[in-house]
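Note sheet for the following structure.
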There are 2 protein chains.
Amino acid sequence: MTNIPAVKNNSWFVDLSTAQQELIFEHSTLLQFKKDETIIKQGFMADRILYLEEGMAKLSVEDRQRSTVFKIIANDTFIGLMCSFVKRNFDFSAIAIQASTVRLIDRSIFEQMIRENGKFAVHIVQLMSLMTNKIVHDLVNLSHKNVDGAVCTVLTELASIFKSNTFLMPFSRVELANTVGYSKESVIGCLTSLQKEKIIKASGKKIEILDMNRLQVIAKNG
Amino acid sequence: MTNIPAVKNNSWFVDLSTAQQELIFEHSTLLQFKKDETIIKQGFMADRILYLEEGMAKLSVEDRQRSTVFKIIANDTFIGLMCSFVKRNFDFSAIAIQASTVRLIDRSIFEQMIRENGKFAVHIVQLMSLMTNKIVHDLVNLSHKNVDGAVCTVLTELASIFKSNTFLMPFSRVELANTVGYSKESVIGCLTSLQKEKIIKASGKKIEILDMNRLQVIAKNG
DNA sequence: TAAAAAAAGTGTAATATTGCATTTTTCATT
DNA sequence: AATGAAAAATGCAATATTACACTTTTTTTA
């Protein structure tokens, strides 16, 4: 019998029967990624469903000129659901921003589970609903802000993702610029002035939020 | 026996059995909306799944200050799937931009279909995948463009949605401005200069694209 | 650990965008 | 058809953002 990890209550597979869980685990592989390793490269064939068991990753859309992070995900999240159900290729990239464990699940088995197990299917639809909703609201939200507002919004989000006011930014300055849709100079300038105002402390990738209140005010009002 | 409309090949319910189709149609209502009527108001209770059978609608996120259209949908599309599966309330608004026919489907019956019919479930997951993917790419894409690029991008998209180089804009100038994330003055200025360059002809909501090539070039290169 | 390369940071001139005041046009209503 | 209200359009000064050229710092690699 396959070695099935202890089922956490909130996991995606609670709705599966023991036999189905076994089947999934038989047809899945566990991979380890180091910080900054590429989990998915946009354009690659999408024949697996990916589930981030441990760690964190950033999802980005790539084009000829730049890479734009549109979402940071933490453990217990599907990485590939967004497109691997239809597209032959991944439409975005995923890069580990912490050491991560990813389960690769055979797409046809996963589909079979959706077909066989209605409760599981409903659960998956709900997860997709939630994710889409959040992404749309976040992106629309960012699009109405000036540099300062956008950068501060991202910083507050990062603090909440990392559950700490001190964290390592998973972005280069250029990536941060692409994510908020402004030039790197503007973004760097904003970080510098936030620092002068003693709202944050930034040395390299390490960010420390000193005054969360003021940060949130700027995030809201530009 | 319930009156079931002739099943189109590409419809969302082809995977349902005749009995299931009957059930769905018994537990659903057909509503007519005139142009500019509100189909969904953000914040209302989401106890139905909405399917746009005929017509067109714009989906928007509302906040205190503005309404931002993030997607235009045409006939044979689910309107509410994106959030009505989890949230108690709709997280966005939908307004008919043409006379439209909407089928309201009981949420619990719809969920039951997903549970009972695996093929249907997979189909729904695929639809959601596609939609999310398209929205994310479109929004990210817009966020890197200047006013001209963004406005031209939206205009080319509208032409493709309406399948014609002449169409009625489903936006006020202010809404268009919110959608692209720029001020109304900038957007109006852009439309004016596009007109001076004889790339479009705009009188009120009526837009005529005179030079699609140049429009696309601006859409791409700002 | 030194050298090279990449990323981060800076000041400033050029450019793009906004916000305001005001006018014109459009649209609905009587 | 006249009237009023809302939307659209305009020009311009104020502001925000970019792009450039350059320096400094950090990271990588030999």
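Every chain in the structure tokens takes a letter, A first, then B, and so on in the order presented; its residues are numbered from 1, and the ligands are numbered from 1 following the presented order.
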
Taking only C-alpha atoms into account and nothing else, which residues of chain B lie no more than 7 Å away from chain A? Please answer as a list in words.
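That gives the following set of residues: Met82, Cys83, Phe85, Val86, Glu111, Ile114, Arg115, Glu116, Asn117, Gly118, Lys119, Ala121, Val122, Val125, Gln126, Ser129, Leu130, Thr132, Asn133, Leu139, Ser143, His144 and Gly181 of chain B.
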
Save the residues we just selected, N, CA, C and O atoms, as a compact mmCIF listing (two decimals), in the first residue's frame?
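New file result_35.txt:
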```
# COMPACT_ATOMS: atom_id res chain seq x y z
N MET B 82 -17.53 33.21 -11.76
CA MET B 82 -16.29 33.63 -11.15
C MET B 82 -16.35 33.73 -9.64
O MET B 82 -15.36 33.51 -8.97
N CYS B 83 -17.52 34.06 -9.10
CA CYS B 83 -17.53 34.18 -7.66
C CYS B 83 -18.75 33.57 -7.00
O CYS B 83 -18.74 33.32 -5.81
N PHE B 85 -19.72 30.89 -6.61
CA PHE B 85 -19.59 29.57 -6.03
C PHE B 85 -19.12 29.58 -4.61
O PHE B 85 -19.18 28.59 -3.91
N VAL B 86 -18.62 30.69 -4.18
CA VAL B 86 -18.07 30.72 -2.84
C VAL B 86 -18.66 31.86 -2.03
O VAL B 86 -19.06 31.69 -0.90
N GLU B 111 -24.84 23.02 -8.55
CA GLU B 111 -23.82 22.30 -7.79
C GLU B 111 -24.07 20.80 -7.85
O GLU B 111 -23.14 20.00 -7.99
N ILE B 114 -22.74 19.39 -10.97
CA ILE B 114 -21.29 19.22 -10.93
C ILE B 114 -20.95 17.95 -10.16
O ILE B 114 -20.07 17.18 -10.54
N ARG B 115 -21.69 17.73 -9.08
CA ARG B 115 -21.44 16.53 -8.27
C ARG B 115 -21.78 15.26 -9.01
O ARG B 115 -21.04 14.29 -8.97
N GLU B 116 -22.91 15.32 -9.71
CA GLU B 116 -23.42 14.09 -10.34
C GLU B 116 -22.74 13.75 -11.65
O GLU B 116 -22.58 12.59 -12.00
N ASN B 117 -22.37 14.80 -12.38
CA ASN B 117 -21.94 14.57 -13.75
C ASN B 117 -20.50 15.04 -13.96
O ASN B 117 -20.23 16.23 -14.11
N GLY B 118 -19.60 14.07 -13.97
CA GLY B 118 -18.19 14.38 -14.02
C GLY B 118 -17.77 15.11 -15.28
O GLY B 118 -16.95 16.03 -15.25
N LYS B 119 -18.34 14.71 -16.39
CA LYS B 119 -17.98 15.34 -17.65
C LYS B 119 -18.33 16.83 -17.61
O LYS B 119 -17.57 17.68 -18.04
N ALA B 121 -18.61 18.60 -14.89
CA ALA B 121 -17.71 19.25 -13.95
C ALA B 121 -16.40 19.65 -14.63
O ALA B 121 -15.93 20.79 -14.48
N VAL B 122 -15.84 18.72 -15.39
CA VAL B 122 -14.58 19.02 -16.08
C VAL B 122 -14.78 20.19 -17.04
O VAL B 122 -13.94 21.10 -17.12
N VAL B 125 -14.83 23.45 -15.11
CA VAL B 125 -13.47 23.80 -14.68
C VAL B 125 -12.68 24.38 -15.85
O VAL B 125 -11.97 25.37 -15.71
N GLN B 126 -12.86 23.79 -17.02
CA GLN B 126 -12.14 24.28 -18.19
C GLN B 126 -12.58 25.70 -18.57
O GLN B 126 -11.75 26.56 -18.86
N SER B 129 -11.02 28.09 -16.15
CA SER B 129 -9.60 28.19 -16.47
C SER B 129 -9.36 29.20 -17.57
O SER B 129 -8.58 30.13 -17.44
N LEU B 130 -10.07 29.01 -18.66
CA LEU B 130 -9.91 29.87 -19.83
C LEU B 130 -10.17 31.32 -19.50
O LEU B 130 -9.42 32.22 -19.87
N THR B 132 -10.25 32.93 -16.53
CA THR B 132 -9.27 33.51 -15.62
C THR B 132 -8.01 33.90 -16.36
O THR B 132 -7.48 34.99 -16.21
N ASN B 133 -7.56 32.96 -17.15
CA ASN B 133 -6.35 33.15 -17.90
C ASN B 133 -6.42 34.38 -18.80
O ASN B 133 -5.53 35.21 -18.80
N LEU B 139 -5.38 42.13 -18.23
CA LEU B 139 -5.16 43.18 -17.23
C LEU B 139 -3.67 43.51 -17.11
O LEU B 139 -3.29 44.68 -17.04
N SER B 143 -1.65 47.12 -18.07
CA SER B 143 -0.96 47.86 -17.02
C SER B 143 0.41 48.39 -17.46
O SER B 143 0.99 49.22 -16.79
N HIS B 144 0.93 47.89 -18.59
CA HIS B 144 2.25 48.35 -19.02
C HIS B 144 2.17 49.38 -20.13
O HIS B 144 3.19 49.79 -20.69
N GLY B 181 -7.26 52.89 -16.62
CA GLY B 181 -6.47 53.41 -15.50
C GLY B 181 -5.86 54.79 -15.75
O GLY B 181 -4.82 55.11 -15.19
```

Write out as a PyMOL selection string each polymer residue whose atoms come within 10 Å of DT28 (chain D), counting only C-alpha atoms (C1' of nucleotides); drop sequence neighbours fewer than 4 positions from it.
chain C and resi 4-6

Can you check which parts of chain D lie within 10 Å of chain A? Per residue, the shortest pair of atoms and distance in Å to one decimal, counting only C-alpha atoms (C1' of nucleotides), sorted by chain and number, as CSV.
```
residue,atom,partner,partner_atom,distance
D:DA16,C1',A:Asn146,CA,8.6
D:DT17,C1',A:Ser186,CA,7.0
D:DT18,C1',A:Ser183,CA,6.8
D:DA19,C1',A:Glu185,CA,9.2
D:DT25,C1',A:Gly204,CA,9.5
D:DT26,C1',A:Gly204,CA,8.4
```

For DT22 (chain C), find every residue with an atom within 12 Å (counting only C-alpha atoms (C1' of nucleotides)), except residues of its own chain fewer than 2 positions away, and show them as JSON, numbers by chain.
{"C": [20, 24], "D": [9, 10, 11, 12]}

Export all heavy atoms of the chosen residues as a compact mmCIF listing (two decimals), in the first residue's frame?
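Generated output (result24.txt):
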```txt
# COMPACT_ATOMS: atom_id res chain seq x y z
P DC C 20 -8.61 69.52 -9.07
OP1 DC C 20 -8.42 69.96 -7.68
OP2 DC C 20 -9.68 68.55 -9.42
O5' DC C 20 -8.80 70.83 -9.97
C5' DC C 20 -7.75 71.78 -10.06
C4' DC C 20 -8.11 72.84 -11.09
O4' DC C 20 -7.88 72.31 -12.42
C3' DC C 20 -9.58 73.27 -11.04
O3' DC C 20 -9.63 74.68 -10.99
C2' DC C 20 -10.18 72.70 -12.30
C1' DC C 20 -8.96 72.69 -13.24
N1 DC C 20 -9.05 71.71 -14.34
C2 DC C 20 -8.59 72.07 -15.61
O2 DC C 20 -8.13 73.21 -15.77
N3 DC C 20 -8.66 71.18 -16.62
C4 DC C 20 -9.16 69.96 -16.40
N4 DC C 20 -9.21 69.10 -17.43
C5 DC C 20 -9.64 69.56 -15.11
C6 DC C 20 -9.56 70.45 -14.12
P DT C 24 -18.27 77.71 -26.69
OP1 DT C 24 -17.79 78.31 -27.96
OP2 DT C 24 -19.43 78.27 -25.95
O5' DT C 24 -18.58 76.18 -26.99
C5' DT C 24 -17.54 75.33 -27.47
C4' DT C 24 -18.11 73.93 -27.57
O4' DT C 24 -18.40 73.42 -26.25
C3' DT C 24 -19.41 73.86 -28.36
O3' DT C 24 -19.21 72.92 -29.40
C2' DT C 24 -20.46 73.44 -27.34
C1' DT C 24 -19.61 72.71 -26.29
N1 DT C 24 -20.12 72.66 -24.90
C2 DT C 24 -20.28 71.43 -24.30
O2 DT C 24 -20.06 70.38 -24.87
N3 DT C 24 -20.73 71.48 -23.01
C4 DT C 24 -21.01 72.61 -22.26
O4 DT C 24 -21.40 72.50 -21.10
C5 DT C 24 -20.83 73.87 -22.94
C7 DT C 24 -21.12 75.14 -22.22
C6 DT C 24 -20.38 73.84 -24.21
P DA D 9 -15.82 63.43 -26.86
OP1 DA D 9 -16.00 63.16 -28.32
OP2 DA D 9 -15.04 62.51 -26.02
O5' DA D 9 -15.23 64.90 -26.72
C5' DA D 9 -15.85 65.97 -27.44
C4' DA D 9 -15.11 67.25 -27.11
O4' DA D 9 -15.36 67.59 -25.73
C3' DA D 9 -13.59 67.19 -27.27
O3' DA D 9 -13.23 68.19 -28.20
C2' DA D 9 -13.05 67.45 -25.88
C1' DA D 9 -14.19 68.20 -25.22
N9 DA D 9 -14.30 68.10 -23.77
C8 DA D 9 -14.37 66.96 -23.01
N7 DA D 9 -14.49 67.19 -21.72
C5 DA D 9 -14.48 68.58 -21.62
C6 DA D 9 -14.57 69.46 -20.53
N6 DA D 9 -14.69 69.05 -19.26
N1 DA D 9 -14.55 70.79 -20.78
C2 DA D 9 -14.44 71.19 -22.05
N3 DA D 9 -14.35 70.47 -23.17
C4 DA D 9 -14.38 69.16 -22.88
P DT D 10 -11.77 68.30 -28.79
OP1 DT D 10 -11.93 68.45 -30.24
OP2 DT D 10 -10.94 67.22 -28.21
O5' DT D 10 -11.23 69.69 -28.23
C5' DT D 10 -12.12 70.56 -27.54
C4' DT D 10 -11.32 71.70 -26.91
O4' DT D 10 -11.61 71.70 -25.49
C3' DT D 10 -9.80 71.57 -27.02
O3' DT D 10 -9.27 72.83 -27.36
C2' DT D 10 -9.35 71.12 -25.64
C1' DT D 10 -10.44 71.73 -24.75
N1 DT D 10 -10.69 70.96 -23.50
C2 DT D 10 -10.96 71.68 -22.34
O2 DT D 10 -10.99 72.89 -22.29
N3 DT D 10 -11.19 70.91 -21.23
C4 DT D 10 -11.17 69.53 -21.16
O4 DT D 10 -11.39 68.95 -20.11
C5 DT D 10 -10.88 68.84 -22.40
C7 DT D 10 -10.84 67.33 -22.42
C6 DT D 10 -10.66 69.58 -23.50
P DG D 11 -7.78 72.96 -27.99
OP1 DG D 11 -7.91 73.54 -29.32
OP2 DG D 11 -7.07 71.67 -27.79
O5' DG D 11 -7.11 74.04 -27.03
C5' DG D 11 -7.93 75.02 -26.36
C4' DG D 11 -7.14 75.59 -25.19
O4' DG D 11 -7.47 74.86 -23.98
C3' DG D 11 -5.62 75.48 -25.35
O3' DG D 11 -5.06 76.68 -24.82
C2' DG D 11 -5.25 74.26 -24.51
C1' DG D 11 -6.30 74.32 -23.40
N9 DG D 11 -6.67 73.04 -22.80
C8 DG D 11 -6.70 71.81 -23.41
N7 DG D 11 -7.10 70.84 -22.62
C5 DG D 11 -7.36 71.48 -21.41
C6 DG D 11 -7.82 70.95 -20.17
O6 DG D 11 -8.11 69.78 -19.90
N1 DG D 11 -7.95 71.95 -19.21
C2 DG D 11 -7.66 73.28 -19.40
N2 DG D 11 -7.83 74.08 -18.36
N3 DG D 11 -7.22 73.78 -20.55
C4 DG D 11 -7.09 72.83 -21.51
P DC D 12 -3.50 76.96 -24.80
OP1 DC D 12 -3.31 78.36 -25.25
OP2 DC D 12 -2.77 75.84 -25.45
O5' DC D 12 -3.19 76.91 -23.23
C5' DC D 12 -4.11 77.50 -22.30
C4' DC D 12 -3.66 77.13 -20.88
O4' DC D 12 -4.20 75.83 -20.53
C3' DC D 12 -2.14 77.01 -20.76
O3' DC D 12 -1.75 77.54 -19.50
C2' DC D 12 -1.90 75.52 -20.80
C1' DC D 12 -3.13 75.02 -20.06
N1 DC D 12 -3.49 73.60 -20.29
C2 DC D 12 -4.10 72.90 -19.27
O2 DC D 12 -4.34 73.46 -18.20
N3 DC D 12 -4.42 71.60 -19.47
C4 DC D 12 -4.17 71.01 -20.63
N4 DC D 12 -4.50 69.73 -20.79
C5 DC D 12 -3.52 71.71 -21.71
C6 DC D 12 -3.21 73.00 -21.49
```

Which parts of region 11-51 of chain B does DSSP call strand (DSSP E or B) when run on the backbone here, written out as a list in words?
Ser28, Thr29, Leu30, Leu31, Gln32, Phe33, Thr38, Ile39, Ile40, Met45, Arg48, Ile49, Leu50 and Tyr51 of chain B

I need the alpha helix (DSSP H) residues of region 86-192 of chain A per DSSP on the backbone, written as a PyMOL selection string.
chain A and resi 107-116+118-143+147-162+173-180+184-192

Identify every residue of chain C that has at least one atom within 12 Å of any atom of chain B, counting only C-alpha atoms (C1' of nucleotides), and report the result as a PyMOL selection string.
chain C and resi 15-20+25-27

Find the distance between CA of Glu157 (chain A) and CA of Thr101 (chain A) and write it in Å to one decimal.
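Answer for the CA of Glu157 (chain A) to CA of Thr101 (chain A) separation: 22.9 Å.
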
If we count only C-alpha atoms (C1' of nucleotides), what is near region 159-170 of chain A at a cut-off of 9 Å, once residues fewer than 2 positions away on the same chain are taken out, given as an MDAnalysis selection string?
chainID A and resid 36 57:58 72:74 97:98 154:157 172 176 204:210 212

Near-Thr192 (chain B) list (12 Å; only C-alpha atoms (C1' of nucleotides); drop same-chain fewer than 3 positions) as a ChimeraX atom specification
/B:148,151,173,185-189,195-204,207 /D:8-10

Output the selection as a PDB file, in the first residue's frame - N, CA and C atoms (P, O5', C5', C4', C3', O3' and C1' of nucleotides) for each residue.
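And here is the file that came out, again_34.pdb:
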```pdb
ATOM      1  N   ASP B 148      -2.334  56.041 -24.850  1.00  0.00           N
ATOM      2  CA  ASP B 148      -2.627  55.714 -26.242  1.00  0.00           C
ATOM      3  C   ASP B 148      -2.647  54.201 -26.454  1.00  0.00           C
ATOM      4  N   VAL B 151      -5.781  52.676 -24.681  1.00  0.00           N
ATOM      5  CA  VAL B 151      -7.047  52.974 -25.354  1.00  0.00           C
ATOM      6  C   VAL B 151      -7.145  52.193 -26.666  1.00  0.00           C
ATOM      7  N   ARG B 173     -16.988  57.926 -21.505  1.00  0.00           N
ATOM      8  CA  ARG B 173     -15.563  58.273 -21.525  1.00  0.00           C
ATOM      9  C   ARG B 173     -14.935  58.059 -20.139  1.00  0.00           C
ATOM     10  N   GLU B 185      -9.620  63.076 -19.016  1.00  0.00           N
ATOM     11  CA  GLU B 185      -9.053  64.055 -19.937  1.00  0.00           C
ATOM     12  C   GLU B 185      -8.021  63.415 -20.874  1.00  0.00           C
ATOM     13  N   SER B 186      -7.164  62.568 -20.311  1.00  0.00           N
ATOM     14  CA  SER B 186      -6.150  61.907 -21.133  1.00  0.00           C
ATOM     15  C   SER B 186      -6.804  61.021 -22.186  1.00  0.00           C
ATOM     16  N   VAL B 187      -7.820  60.288 -21.751  1.00  0.00           N
ATOM     17  CA  VAL B 187      -8.476  59.363 -22.667  1.00  0.00           C
ATOM     18  C   VAL B 187      -9.187  60.122 -23.790  1.00  0.00           C
ATOM     19  N   ILE B 188      -9.862  61.206 -23.412  1.00  0.00           N
ATOM     20  CA  ILE B 188     -10.548  62.002 -24.425  1.00  0.00           C
ATOM     21  C   ILE B 188      -9.535  62.609 -25.391  1.00  0.00           C
ATOM     22  N   GLY B 189      -8.444  63.107 -24.826  1.00  0.00           N
ATOM     23  CA  GLY B 189      -7.384  63.654 -25.662  1.00  0.00           C
ATOM     24  C   GLY B 189      -6.868  62.630 -26.650  1.00  0.00           C
ATOM     25  N   GLN B 195      -8.483  60.639 -33.895  1.00  0.00           N
ATOM     26  CA  GLN B 195      -9.414  61.086 -34.913  1.00  0.00           C
ATOM     27  C   GLN B 195      -8.721  62.033 -35.891  1.00  0.00           C
ATOM     28  N   LYS B 196      -7.890  62.922 -35.328  1.00  0.00           N
ATOM     29  CA  LYS B 196      -7.155  63.853 -36.192  1.00  0.00           C
ATOM     30  C   LYS B 196      -6.242  63.089 -37.148  1.00  0.00           C
ATOM     31  N   GLU B 197      -5.695  61.978 -36.636  1.00  0.00           N
ATOM     32  CA  GLU B 197      -4.803  61.158 -37.466  1.00  0.00           C
ATOM     33  C   GLU B 197      -5.587  60.267 -38.425  1.00  0.00           C
ATOM     34  N   LYS B 198      -6.900  60.395 -38.391  1.00  0.00           N
ATOM     35  CA  LYS B 198      -7.780  59.586 -39.240  1.00  0.00           C
ATOM     36  C   LYS B 198      -7.609  58.080 -39.010  1.00  0.00           C
ATOM     37  N   ILE B 199      -7.321  57.723 -37.777  1.00  0.00           N
ATOM     38  CA  ILE B 199      -7.224  56.305 -37.439  1.00  0.00           C
ATOM     39  C   ILE B 199      -8.593  55.786 -37.010  1.00  0.00           C
ATOM     40  N   ILE B 200      -9.351  56.653 -36.343  1.00  0.00           N
ATOM     41  CA  ILE B 200     -10.736  56.305 -36.018  1.00  0.00           C
ATOM     42  C   ILE B 200     -11.636  57.498 -36.356  1.00  0.00           C
ATOM     43  N   LYS B 201     -12.933  57.207 -36.365  1.00  0.00           N
ATOM     44  CA  LYS B 201     -13.919  58.265 -36.455  1.00  0.00           C
ATOM     45  C   LYS B 201     -14.822  58.049 -35.255  1.00  0.00           C
ATOM     46  N   ALA B 202     -14.948  59.085 -34.428  1.00  0.00           N
ATOM     47  CA  ALA B 202     -15.738  58.924 -33.215  1.00  0.00           C
ATOM     48  C   ALA B 202     -16.788  60.010 -33.133  1.00  0.00           C
ATOM     49  N   SER B 203     -18.032  59.603 -33.127  1.00  0.00           N
ATOM     50  CA  SER B 203     -19.052  60.610 -32.812  1.00  0.00           C
ATOM     51  C   SER B 203     -19.924  60.036 -31.711  1.00  0.00           C
ATOM     52  N   GLY B 204     -19.717  60.578 -30.521  1.00  0.00           N
ATOM     53  CA  GLY B 204     -20.426  60.047 -29.361  1.00  0.00           C
ATOM     54  C   GLY B 204     -19.943  58.626 -29.090  1.00  0.00           C
ATOM     55  N   ILE B 207     -18.138  54.398 -32.777  1.00  0.00           N
ATOM     56  CA  ILE B 207     -16.727  54.388 -33.160  1.00  0.00           C
ATOM     57  C   ILE B 207     -16.582  53.663 -34.488  1.00  0.00           C
TER      58      ILE B 207
ATOM     59  P    DA D   8     -19.471  60.608 -22.029  1.00  0.00           P
ATOM     60  O5'  DA D   8     -18.961  61.885 -22.838  1.00  0.00           O
ATOM     61  C5'  DA D   8     -19.714  62.340 -23.959  1.00  0.00           C
ATOM     62  C4'  DA D   8     -18.982  63.483 -24.628  1.00  0.00           C
ATOM     63  C3'  DA D   8     -17.500  63.230 -24.884  1.00  0.00           C
ATOM     64  O3'  DA D   8     -17.265  63.571 -26.234  1.00  0.00           O
ATOM     65  C1'  DA D   8     -17.785  65.277 -23.737  1.00  0.00           C
ATOM     66  P    DA D   9     -15.821  63.429 -26.864  1.00  0.00           P
ATOM     67  O5'  DA D   9     -15.232  64.896 -26.722  1.00  0.00           O
ATOM     68  C5'  DA D   9     -15.847  65.966 -27.444  1.00  0.00           C
ATOM     69  C4'  DA D   9     -15.111  67.254 -27.109  1.00  0.00           C
ATOM     70  C3'  DA D   9     -13.591  67.194 -27.272  1.00  0.00           C
ATOM     71  O3'  DA D   9     -13.232  68.193 -28.203  1.00  0.00           O
ATOM     72  C1'  DA D   9     -14.194  68.198 -25.215  1.00  0.00           C
ATOM     73  P    DT D  10     -11.770  68.302 -28.790  1.00  0.00           P
ATOM     74  O5'  DT D  10     -11.229  69.691 -28.228  1.00  0.00           O
ATOM     75  C5'  DT D  10     -12.120  70.557 -27.540  1.00  0.00           C
ATOM     76  C4'  DT D  10     -11.321  71.697 -26.908  1.00  0.00           C
ATOM     77  C3'  DT D  10      -9.801  71.572 -27.018  1.00  0.00           C
ATOM     78  O3'  DT D  10      -9.265  72.834 -27.362  1.00  0.00           O
ATOM     79  C1'  DT D  10     -10.436  71.729 -24.747  1.00  0.00           C
TER      80       DT D  10
END
```

Spatial neighbours of Asp76 (chain B), 7 Å, only C-alpha atoms (C1' of nucleotides), chain gap at least 6 places, as a PyMOL selection string
chain B and resi 51-54

Find the residue from B:Ala46, B:Ile24, B:Leu30, B:Leu158 that sits nearest to Ser100 (chain B); use only C-alpha atoms when measuring.
B:Leu30
